[in-house]
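Q: This structure is in structure tokens; I'll ask about it shortly.
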Amino acid sequence: MSTAVIVFPASNCDRDAAVALEKVTGKPPRMVWHKDTSIPDDVRFVVVPGGFSYGDYLRSGAIAANSPVIRDLKDKSEAGLPVLGICNGFQILTEAGMLPGALMRNANQKFVCRISRLRLANAKTRFTSQYDAKHEIDVPVAHHDGNYFADDETLRRIEGGGQVVFRYSENPNGSRNDIAGIVNASGNVLGMMPHPERAVDTVHGGTDGITLFKSIVGSL
Amino acid sequence: MIARVYVGLKPGVLDPQGRTIAASLNDLGFDEVQDVTQGKIIELKLASGERDTVEARVKEMCERLLANTVIESYRIELDEEEE
Amino acid sequence: MARKKKSEITPEIVAEHGLSEDEYAIVLDRLGREPNLTELGIFSVMWSEHCSYKSSRRHLGKFLTTSDRVIQGPGENAGVIDIDDGDAIVFKMESHNHPSFIEPYQGAATGVGGIMRDVFTMGARPIALMNALRFGEPGHPKTKALVSGVVAGIGGYGNCVGVPTVGGETNFHPGYNGNILVNAMCVGLARTDNVFYSAAKGVGNPIFYVGSKTGRDGIHGATMASAEFDDDSEEKRPTVQVGDPFTEKLLIEACLELMATDAIIAIQDMGAAGLTSSSIEMADKGGVGIALNLDKVPQRETGMSAYEMMLSESQERMLMVIQPGKEKLAFQVFEKWELDVAEIGTTTDTGRLVLTHKRKTVCDIPIAPLADDAPNYDRPHEPTAPREILKPDEVDEPADYNDALIQVMTDPDMASKRWIWEQYDRHVMADTVDSSQSGGDAAIVRIHGPDGPTDKAVAITTDCTPRYCYADPVQGGRQAVAESWRNLTCVGANPVAITDCLNFGNPERSEIMGQFVGCIEGMNEACRAFDYPVVSGNVSLYNETNGVAIPPTPAVGGVGLIPDLTLVQSLGGARPGDTLILIGATEGWLGSSIFLRALQNREDGAPPPVDLQAERHNGDYVRKLIRNRRVRAVHDLSDGGLAAAACEMAFASGIGMELINPSELPAHAWYFGEDQARYLISTDGNSVNPILTTADGLGVPAMIVGKAGGTRLKAKGAFDVSLDGLRGRWEQWMPELMSGATETV
């Protein structure tokens, strides 16, 4: 079984995601270049990492969402392939229409990097099954465009369907309903602004992120 | 032909940048400023063609890339004069 | 000087290029003819203060620049040190002061971009960014917008490229009202056997241009020769350079990819004076000539002249000499990363720089004089007059010590800078062990080798206390180096080497030159006392407005090695019941202190003297205690003295502190004096006696000064405030200052 990390020209958390995946699976993931037209067949889980993909010109994630590899990723995710989009990866997944809503400029206009405390809004997804639902977790955020927006109807739908997975205890960016991460209706695509791959090692100051990787890899 | 695409936030979507600009203008003494909305202009230099066709193509560009219609609306202006 | 009547080069044009009459006479002599405008432009930038270091060169030569660990000292794009196991650390600090004052966002952003290029040019992947910022007084009308823009610019560039900004320092002082300082430092990781240099070698080797296209950005001396330009030339010549971090990221990845092959002979980034200085430095160091065809230079604008192309400071560009036969490989790599790339010339055996443009030779000058005959001035320097020593009884005690503590901890230099560092991605690359968020003495970044994370790390700090340097340049210079050495010690690192960024006023004034020479003397004494060489640096002069110079600010960037991550130390580990021990002697030095400024609005008095032997002695002992796991928290004493160090340790540890005054000194001198060579350590009861006894045996002053615990910050005979209350005030100062700041939109 293989996992994969998509690499855009200005991805900058691709190595971090790879280190986290190797820690959990014992095997380095495949690094898939953005111009590749397909994800290798043996890949069972894909991470779309953080960074600035194409400099985030136009809109964060907009140009990446139209890259060849994302087209294939979309098809495969519709067939059930689990996908995790972190930070810029979350932006790309919304731009590609794989997740509802959009990520707007932070409400205070400033880039924010801090340890965010998250509540588990849904601990029954494939990505969160190994968390203790009652416990809050500490995961760093670092973004300029993390302000989650969806219109009222969409918001009702995702809230009603248990698609909200993480909520900020202290909202750092103005996201509606304190949303930090959501899954699609089928539950196999997770997008989140916080960086679980930056909380997998004691030197990071916390290891709350590793459980997410263990949950999803364990479900494969 | 030149196509100008004006992209802005949809009405009802919070526009913190616009709000910040408005506050700054008020601070500078421009008290008449009541509200600001901001967006971007994207200018496309195109091979000339049938106006309707061109417009349809640019609309497709907006839908697929230039605007995120979850939060943004757009308006297209065509200018047929050569540069 | 026999000039023809219809000379293209008038004395006005020479003057506008910043060349003195004497300097121009040398140009005429070496060329044996009058230069054309392009040639004059080349001489002018190569002999500018920025490129030639003409006022500073002879003084910089005094620095200690070697040690067992130094692989490359000053003179290359960045310094290189050996950190064992085949790993090398490449680092440098550089100023971008003037551009940041004009356009804070882009000025700061391109400063970060430039320093990163200096580092990856040497074959290193950038792994950490630091900065040292100085702004005018908080209430000055420009300050908020400058802070806001500079911080956003630093973050906007570093965050996008994906290199963590892990620490720095920020001062506010009226002395910077007209000239802010933006000093950026980059630290990179390379392999000792794969470091790249700038010396072009061989004849007939292809020269490649890679990166962004060349535009008319940042061309200096542009007011001259208006006849050369058309009417809308102002519009065409933006003097502000705009940074493109996306292209920088592509350049890093592409260069590192090509560096993994044997295709590159020499490489140099195009920084100040762009194509001119990069090509001449490469040729000069390699002892070769260079011929360039300017028609091949990728250009962003139409109708660019040779003069403009040679002087453009467009960002994100590199020049390299490629191994013949490897051209195709180079093209492949750069095209994969979608960068502009062109073969623009070759190395030659003529020793000359020959430029052709539109089939004409537009420049043909010998290279050696550009470097060898560059002016090297011994400018008059007047030592700064020594100040009176302020004795504790000459300084009034405060009526209310609680208020005094609050004033000190909310002084602009002391208050929390969370507002700044939360805008920097401190965690990208996932190797940040400690950063600004801990409030610790130095940032710590784990070494991530080719096979993954290792157990070793580097510690990084930036330091300078300009008010000390202003009061006494020699002591201030010593103190800047000593504080960086202490800060590295506090986190358990072996200090290895420094980079410096020497920011001063107009060197043509003898008192300013006196500050410069004095600071270097003090710094160098400290470097030698600690075996802590300078491996790279930058000089920024003429930081003054209307005859008012900045306070002398020789910023020091220190790097240390932590061989074992399990022995990393922080200031946040104090536990209830711990004993607080002060290492180092206290005389209660209040001259030039934060206390004096915050409470009495005075900046007088001699600054604390720096006893280099005591520094070394005390620091080595503290490092030994850390290695022997004898301590739970360590913090150095600097601004604000013992009281401030205890508060910061309490904030980081999340518990209160109770201090005592076992000395004969009055409370204000004991708690707020800024004597040097001191450390506060927190330790459990069992370690107290061994620590004190060993210290006694070594002649290191050590005494119990309090205990940790509770929820208050108490000092016997002085203050008693709640930890949370004080922390709230300390955290609030900057958000309150910045509320309503005009954002860059």
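How things are named: the first chain in the structure tokens is A, the next is B, and so on; residues count from 1 in each chain; ligands count from 1 in the order shown.
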When you get a sec, could you note down which chain B residues fall within 10 Å of chain C, using only C-alpha atoms, as JSON, numbers by chain?
A: {"B": [17, 18, 20, 21, 23, 24, 25, 27, 28, 38]}
Q: Restricting the output to N, CA and C atoms, write the selected residues as a compact mmCIF listing (two decimals), in the first residue's frame.
A:
```txt
# COMPACT_ATOMS: atom_id res chain seq x y z
N GLN B 17 -11.45 43.68 3.69
CA GLN B 17 -10.53 44.63 3.05
C GLN B 17 -11.23 45.94 2.78
N GLY B 18 -12.45 45.86 2.24
CA GLY B 18 -13.23 47.06 1.97
C GLY B 18 -13.48 47.84 3.25
N THR B 20 -11.66 47.81 5.94
CA THR B 20 -10.42 48.43 6.40
C THR B 20 -10.12 49.69 5.61
N ILE B 21 -10.36 49.63 4.30
CA ILE B 21 -10.11 50.82 3.47
C ILE B 21 -11.04 51.95 3.91
N ALA B 23 -12.40 52.43 6.83
CA ALA B 23 -11.99 52.94 8.13
C ALA B 23 -10.78 53.86 7.98
N SER B 24 -9.83 53.44 7.10
CA SER B 24 -8.64 54.26 6.90
C SER B 24 -8.98 55.60 6.27
N LEU B 25 -9.90 55.56 5.31
CA LEU B 25 -10.30 56.82 4.67
C LEU B 25 -10.97 57.73 5.69
N ASP B 27 -10.40 57.75 8.85
CA ASP B 27 -9.32 58.24 9.71
C ASP B 27 -8.59 59.42 9.07
N LEU B 28 -8.50 59.38 7.75
CA LEU B 28 -7.79 60.45 7.04
C LEU B 28 -8.67 61.69 6.87
N GLN B 38 -14.20 46.38 -2.62
CA GLN B 38 -13.02 46.34 -3.46
C GLN B 38 -12.99 45.02 -4.22
```
Q: Using backbone DSSP assignments, extract all strand (DSSP E) residues from chain B; output them as a short mmCIF file (atom, residue, chain, number, x, y, z; two decimals) with N, CA and C atoms, in the first residue's frame.
A:
```cif
data_model
loop_
_atom_site.label_atom_id
_atom_site.label_comp_id
_atom_site.auth_asym_id
_atom_site.auth_seq_id
_atom_site.Cartn_x
_atom_site.Cartn_y
_atom_site.Cartn_z
N ILE B 2 -9.80 43.74 -26.33
CA ILE B 2 -9.48 43.74 -24.90
C ILE B 2 -10.74 43.36 -24.13
N ALA B 3 -10.61 42.41 -23.22
CA ALA B 3 -11.72 42.10 -22.31
C ALA B 3 -11.30 42.50 -20.92
N ARG B 4 -12.15 43.29 -20.27
CA ARG B 4 -11.87 43.64 -18.87
C ARG B 4 -12.85 42.90 -17.98
N VAL B 5 -12.28 42.13 -17.05
CA VAL B 5 -13.13 41.37 -16.13
C VAL B 5 -13.02 42.02 -14.75
N TYR B 6 -14.17 42.46 -14.25
CA TYR B 6 -14.21 43.04 -12.91
C TYR B 6 -14.69 41.96 -11.95
N VAL B 7 -13.83 41.62 -10.97
CA VAL B 7 -14.20 40.59 -10.01
C VAL B 7 -14.35 41.22 -8.63
N GLY B 8 -15.48 40.98 -8.00
CA GLY B 8 -15.69 41.51 -6.65
C GLY B 8 -16.43 40.51 -5.80
N LEU B 9 -16.49 40.79 -4.53
CA LEU B 9 -17.21 39.88 -3.65
C LEU B 9 -18.71 40.04 -3.88
N GLY B 39 -12.22 45.03 -5.28
CA GLY B 39 -12.12 43.81 -6.07
C GLY B 39 -10.91 43.92 -6.97
N LYS B 40 -10.93 43.21 -8.06
CA LYS B 40 -9.79 43.33 -8.97
C LYS B 40 -10.25 43.42 -10.42
N ILE B 41 -9.40 44.00 -11.23
CA ILE B 41 -9.66 44.06 -12.65
C ILE B 41 -8.64 43.17 -13.34
N ILE B 42 -9.12 42.31 -14.20
CA ILE B 42 -8.21 41.45 -14.97
C ILE B 42 -8.39 41.83 -16.44
N GLU B 43 -7.32 42.27 -17.06
CA GLU B 43 -7.41 42.70 -18.45
C GLU B 43 -6.86 41.60 -19.35
N LEU B 44 -7.67 41.17 -20.32
CA LEU B 44 -7.25 40.09 -21.21
C LEU B 44 -7.08 40.65 -22.61
N LYS B 45 -5.96 40.37 -23.21
CA LYS B 45 -5.74 40.77 -24.60
C LYS B 45 -6.07 39.55 -25.45
N GLU B 72 -17.54 35.18 -5.16
CA GLU B 72 -17.31 36.33 -6.02
C GLU B 72 -18.30 36.42 -7.18
N SER B 73 -18.57 37.65 -7.61
CA SER B 73 -19.33 37.86 -8.84
C SER B 73 -18.40 38.58 -9.82
N TYR B 74 -18.80 38.57 -11.07
CA TYR B 74 -17.93 39.22 -12.06
C TYR B 74 -18.77 39.94 -13.11
N ARG B 75 -18.11 40.85 -13.79
CA ARG B 75 -18.74 41.61 -14.86
C ARG B 75 -17.70 41.71 -15.98
N ILE B 76 -18.17 41.57 -17.22
CA ILE B 76 -17.23 41.58 -18.35
C ILE B 76 -17.48 42.81 -19.22
N GLU B 77 -16.41 43.44 -19.62
CA GLU B 77 -16.51 44.58 -20.53
C GLU B 77 -15.62 44.28 -21.74
N LEU B 78 -16.17 44.42 -22.92
CA LEU B 78 -15.34 44.17 -24.11
C LEU B 78 -15.03 45.48 -24.79
N ASP B 79 -13.81 45.60 -25.23
CA ASP B 79 -13.36 46.82 -25.88
C ASP B 79 -12.74 46.40 -27.20
#
```
Q: For the helix (DSSP H, G or I) assignment from backbone DSSP, which residues of range 38-215 of chain A qualify? Please present them as JSON, numbers by chain.
A: {"A": [64, 65, 66, 68, 69, 70, 71, 72, 73, 74, 75, 76, 77, 78, 88, 89, 90, 91, 92, 93, 94, 95, 152, 153, 154, 155, 156, 157, 158, 159, 160, 176, 177, 178, 196, 197, 198, 202, 203, 204, 210, 211, 212, 213, 214, 215]}
Q: List as a PyMOL selection string the protein and nucleic acid residues near Leu65 in chain B, meaning an atom at most 9 Å away when only C-alpha atoms are counted, but skip any in the same chain fewer than 5 places from it.
A: (chain A and resi 58+62-63+65-66+95) or (chain B and resi 60)
Q: Identify all chain A residues at most 10 Å from chain C by counting only C-alpha atoms; ligands do not count. Present them as an MDAnalysis selection string.
A: chainID A and resid 9:17 19:20 50:57 109:115 140:144 195 197:205
Q: Pick out the chain A residues within 10 Å of chain B. Count only C-alpha atoms. Give them as a list in words.
A: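 Close to chain B, chain A has Leu58, Arg59, Ala62, Ile63, Ala65, Asn66, Thr94, Glu95, Ala96, Gly97, Pro100, Gly101, Ala102, Leu103, Met104, Arg105, Asn106, Ala107, Asn108, Gln109, Phe149, Ala150, Asp151 and Gly174 of chain A.
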Q: Those same residues, written as a short mmCIF file (atom, residue, chain, number, x, y, z; two decimals), in the first residue's frame with C-alpha atoms?
A:
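Result written to part00.cif:
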```
data_model
loop_
_atom_site.label_atom_id
_atom_site.label_comp_id
_atom_site.auth_asym_id
_atom_site.auth_seq_id
_atom_site.Cartn_x
_atom_site.Cartn_y
_atom_site.Cartn_z
CA LEU A 58 -5.27 35.21 -8.47
CA ARG A 59 -6.71 33.43 -5.40
CA ALA A 62 -7.23 28.67 -7.68
CA ILE A 63 -4.58 27.87 -10.24
CA ALA A 65 -7.18 23.50 -8.58
CA ASN A 66 -7.00 23.49 -12.36
CA THR A 94 -12.61 24.02 -2.21
CA GLU A 95 -11.47 25.75 -5.41
CA ALA A 96 -11.65 22.40 -7.19
CA GLY A 97 -15.19 21.88 -5.93
CA PRO A 100 -18.11 23.08 -0.19
CA GLY A 101 -17.45 26.73 0.66
CA ALA A 102 -14.42 28.95 0.23
CA LEU A 103 -11.48 30.25 2.25
CA MET A 104 -11.34 34.03 2.37
CA ARG A 105 -8.78 36.52 3.67
CA ASN A 106 -8.53 36.41 7.49
CA ALA A 107 -10.98 38.82 9.07
CA ASN A 108 -8.21 40.96 10.59
CA GLN A 109 -6.34 40.96 7.25
CA PHE A 149 -17.20 30.96 4.25
CA ALA A 150 -20.27 29.12 3.03
CA ASP A 151 -23.71 30.53 2.40
CA GLY A 174 -13.30 34.90 11.30
#
```
Q: Name the residues in contact with Tyr168 in chain A at a cut-off of 6 Å, using only C-alpha atoms, excluding same-chain residues fewer than 3 positions from it; report them as a list in words.
A: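 Selected residues are Leu118, Asn171, Asp178 and Ala180 of chain A.
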Q: Selection from above, C-alpha atoms, as a short mmCIF file (atom, residue, chain, number, x, y, z; two decimals), in the first residue's frame, can you write it?
A:
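Saved file again30.cif follows:
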```cif
data_model
loop_
_atom_site.label_atom_id
_atom_site.label_comp_id
_atom_site.auth_asym_id
_atom_site.auth_seq_id
_atom_site.Cartn_x
_atom_site.Cartn_y
_atom_site.Cartn_z
CA LEU A 118 -9.49 22.60 18.31
CA ASN A 171 -11.46 31.67 16.22
CA ASP A 178 -15.59 28.56 14.03
CA ALA A 180 -11.45 24.72 11.07
#
```
